[in-house]
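Asks: Below you will find the structure I want to go over with you.
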Amino acid sequence: MINEHERVVLTKNLPEENLEAGDVGTVVHIHKDGAAYEVEFVTLAGETVAVATVEASDLRPISQRDISNVRVLQAA
């Protein structure tokens, strides 16, 4: 199970939130014993892009083999 304040990786595009698979966020709330998570996604400058409720199946924990990558956020 993923805990609050852990970083996670989105595994599915969420176009309504302007988020793409591979975006990294931080869990800010856990719904229904881990069935879904409230995740905050921020730019590298620290600006919040979205706070989204994401199903557990659409997230994964950060792994030791992950490396950062940058994309420019497109206007919604």
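Identifiers in the structure tokens: chain A, B, ... in order shown; residue index from 1 per chain; ligand index from 1 in order shown.
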I want to know what sits within 9 Å of segment 45-55 of chain A, based on only C-alpha atoms, with residues of the same chain fewer than 2 positions away left out; could you give that as a PDB file with C-alpha atoms, in the first residue's frame?

Replies:
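Okay, result-v4.pdb is ready:
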ATOM      1  CA  LEU A  10       0.963   8.152 -12.815  1.00  0.00           C
ATOM      2  CA  GLU A  17      -6.249  17.270 -15.494  1.00  0.00           C
ATOM      3  CA  ASN A  18      -3.578  17.911 -18.187  1.00  0.00           C
ATOM      4  CA  LEU A  19      -1.533  15.019 -16.744  1.00  0.00           C
ATOM      5  CA  GLY A  25       2.968  13.454  -7.706  1.00  0.00           C
ATOM      6  CA  VAL A  28      -2.006  13.905   0.095  1.00  0.00           C
ATOM      7  CA  HIS A  29      -4.947  11.675   1.079  1.00  0.00           C
ATOM      8  CA  HIS A  31      -9.459   7.000   0.027  1.00  0.00           C
ATOM      9  CA  GLY A  34      -6.100   2.517  -0.727  1.00  0.00           C
ATOM     10  CA  ALA A  35      -8.766   2.083  -3.409  1.00  0.00           C
ATOM     11  CA  ALA A  36      -7.955   5.602  -4.621  1.00  0.00           C
ATOM     12  CA  TYR A  37      -5.584   8.419  -3.733  1.00  0.00           C
ATOM     13  CA  GLU A  38      -5.690  12.185  -3.744  1.00  0.00           C
ATOM     14  CA  VAL A  39      -2.441  13.185  -5.452  1.00  0.00           C
ATOM     15  CA  GLU A  40      -0.892  16.629  -5.857  1.00  0.00           C
ATOM     16  CA  PHE A  41       1.131  17.225  -9.018  1.00  0.00           C
ATOM     17  CA  VAL A  42       3.503  20.194  -9.105  1.00  0.00           C
ATOM     18  CA  THR A  43       5.947  21.756 -11.555  1.00  0.00           C
ATOM     19  CA  SER A  57      -4.591   0.896 -10.494  1.00  0.00           C
ATOM     20  CA  ASP A  58      -3.472   4.122 -12.241  1.00  0.00           C
ATOM     21  CA  LEU A  59      -0.519   4.759  -9.898  1.00  0.00           C
ATOM     22  CA  LEU A  73       3.152  21.669 -19.478  1.00  0.00           C
TER      23      LEU A  73
END

Asks: Going by DSSP on the backbone, which bits of chain A are helix (DSSP H, G or I)? Write them as a list in words, please.

Replies: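 So the helix (DSSP H, G or I) residues in chain A would be Pro15, Glu16, Glu17, Lys32, Asp33, Gly34, Ala56, Ser57 and Asp58 of chain A.
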
Asks: Just the residues within 9 Å of Ile2 of chain A, please, counting only C-alpha atoms, with nothing from its chain fewer than 6 positions along; format it as a PyMOL selection string.

Replies: chain A and resi 8+27+30+34+37+56+60-61

Asks: Measure the distance from atom CA of Asp66 of chain A to atom CA of Lys32 of chain A in Å and round it to one decimal.

Replies: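 Answer for the atom CA of Asp66 of chain A to atom CA of Lys32 of chain A separation: 27.7 Å.
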
Asks: Give me every strand (DSSP E) residue in chain A, going by DSSP on the backbone, as a ChimeraX atom specification.

Replies: /A:7-10,24-31,36-42,48-55,59-61

Asks: Would you put the residues from that selection into a file with N, CA and C atoms, as a JSON list (two decimals), in the first residue's frame?

Replies:
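The file below, part10.json, is the result:
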[["chain", "number", "residue", "atom", "x", "y", "z"],
["A", 7, "ARG", "N", 5.80, 9.82, -2.84],
["A", 7, "ARG", "CA", 5.74, 10.17, -4.26],
["A", 7, "ARG", "C", 5.31, 8.95, -5.05],
["A", 8, "VAL", "N", 4.52, 9.21, -6.08],
["A", 8, "VAL", "CA", 4.00, 8.15, -6.93],
["A", 8, "VAL", "C", 4.12, 8.55, -8.40],
["A", 9, "VAL", "N", 4.03, 7.55, -9.27],
["A", 9, "VAL", "CA", 4.09, 7.77, -10.70],
["A", 9, "VAL", "C", 2.72, 7.46, -11.30],
["A", 10, "LEU", "N", 2.21, 8.37, -12.10],
["A", 10, "LEU", "CA", 0.96, 8.15, -12.82],
["A", 10, "LEU", "C", 1.21, 7.17, -13.95],
["A", 24, "VAL", "N", 4.93, 12.67, -11.96],
["A", 24, "VAL", "CA", 5.17, 12.30, -10.57],
["A", 24, "VAL", "C", 4.37, 13.24, -9.66],
["A", 25, "GLY", "N", 3.73, 12.66, -8.66],
["A", 25, "GLY", "CA", 2.97, 13.45, -7.71],
["A", 25, "GLY", "C", 3.20, 12.95, -6.30],
["A", 26, "THR", "N", 2.58, 13.64, -5.35],
["A", 26, "THR", "CA", 2.68, 13.28, -3.93],
["A", 26, "THR", "C", 1.29, 12.98, -3.39],
["A", 27, "VAL", "N", 1.15, 11.85, -2.71],
["A", 27, "VAL", "CA", -0.12, 11.46, -2.11],
["A", 27, "VAL", "C", -0.42, 12.39, -0.94],
["A", 28, "VAL", "N", -1.60, 13.01, -0.99],
["A", 28, "VAL", "CA", -2.01, 13.91, 0.10],
["A", 28, "VAL", "C", -3.19, 13.36, 0.89],
["A", 29, "HIS", "N", -3.83, 12.30, 0.36],
["A", 29, "HIS", "CA", -4.95, 11.67, 1.08],
["A", 29, "HIS", "C", -5.18, 10.28, 0.50],
["A", 30, "ILE", "N", -5.58, 9.37, 1.35],
["A", 30, "ILE", "CA", -5.88, 8.00, 0.93],
["A", 30, "ILE", "C", -7.38, 7.77, 1.08],
["A", 31, "HIS", "N", -8.02, 7.28, 0.01],
["A", 31, "HIS", "CA", -9.46, 7.00, 0.03],
["A", 31, "HIS", "C", -9.69, 5.50, 0.17],
["A", 36, "ALA", "N", -8.28, 4.42, -3.82],
["A", 36, "ALA", "CA", -7.96, 5.60, -4.62],
["A", 36, "ALA", "C", -7.12, 6.55, -3.75],
["A", 37, "TYR", "N", -6.46, 7.48, -4.43],
["A", 37, "TYR", "CA", -5.58, 8.42, -3.73],
["A", 37, "TYR", "C", -5.82, 9.82, -4.25],
["A", 38, "GLU", "N", -5.72, 10.78, -3.35],
["A", 38, "GLU", "CA", -5.69, 12.19, -3.74],
["A", 38, "GLU", "C", -4.21, 12.52, -3.93],
["A", 39, "VAL", "N", -3.85, 12.97, -5.12],
["A", 39, "VAL", "CA", -2.44, 13.18, -5.45],
["A", 39, "VAL", "C", -2.25, 14.61, -5.95],
["A", 40, "GLU", "N", -1.24, 15.29, -5.40],
["A", 40, "GLU", "CA", -0.89, 16.63, -5.86],
["A", 40, "GLU", "C", 0.26, 16.53, -6.84],
["A", 41, "PHE", "N", 0.10, 17.17, -7.99],
["A", 41, "PHE", "CA", 1.13, 17.22, -9.02],
["A", 41, "PHE", "C", 1.62, 18.66, -9.12],
["A", 42, "VAL", "N", 2.93, 18.85, -9.07],
["A", 42, "VAL", "CA", 3.50, 20.19, -9.11],
["A", 42, "VAL", "C", 4.59, 20.28, -10.17],
["A", 48, "THR", "N", 1.53, 24.20, -8.09],
["A", 48, "THR", "CA", 0.57, 23.10, -8.20],
["A", 48, "THR", "C", -0.10, 23.13, -9.56],
["A", 49, "VAL", "N", -0.06, 22.00, -10.24],
["A", 49, "VAL", "CA", -0.71, 21.84, -11.54],
["A", 49, "VAL", "C", -2.11, 21.27, -11.35],
["A", 50, "ALA", "N", -2.21, 20.25, -10.49],
["A", 50, "ALA", "CA", -3.49, 19.60, -10.26],
["A", 50, "ALA", "C", -3.45, 18.84, -8.95],
["A", 51, "VAL", "N", -4.60, 18.72, -8.34],
["A", 51, "VAL", "CA", -4.83, 17.80, -7.24],
["A", 51, "VAL", "C", -5.94, 16.89, -7.74],
["A", 52, "ALA", "N", -5.61, 15.63, -7.96],
["A", 52, "ALA", "CA", -6.55, 14.71, -8.62],
["A", 52, "ALA", "C", -6.78, 13.48, -7.77],
["A", 53, "THR", "N", -8.01, 12.97, -7.83],
["A", 53, "THR", "CA", -8.32, 11.69, -7.24],
["A", 53, "THR", "C", -8.01, 10.63, -8.29],
["A", 54, "VAL", "N", -7.10, 9.71, -7.94],
["A", 54, "VAL", "CA", -6.60, 8.73, -8.90],
["A", 54, "VAL", "C", -6.81, 7.33, -8.35],
["A", 55, "GLU", "N", -7.37, 6.45, -9.17],
["A", 55, "GLU", "CA", -7.56, 5.05, -8.78],
["A", 55, "GLU", "C", -6.20, 4.41, -8.51],
["A", 59, "LEU", "N", -1.72, 4.24, -10.56],
["A", 59, "LEU", "CA", -0.52, 4.76, -9.90],
["A", 59, "LEU", "C", 0.42, 3.61, -9.59],
["A", 60, "ARG", "N", 1.68, 3.98, -9.41],
["A", 60, "ARG", "CA", 2.64, 3.03, -8.87],
["A", 60, "ARG", "C", 3.62, 3.78, -7.98],
["A", 61, "PRO", "N", 4.21, 3.09, -7.03],
["A", 61, "PRO", "CA", 5.21, 3.74, -6.18],
["A", 61, "PRO", "C", 6.47, 4.08, -7.00]]
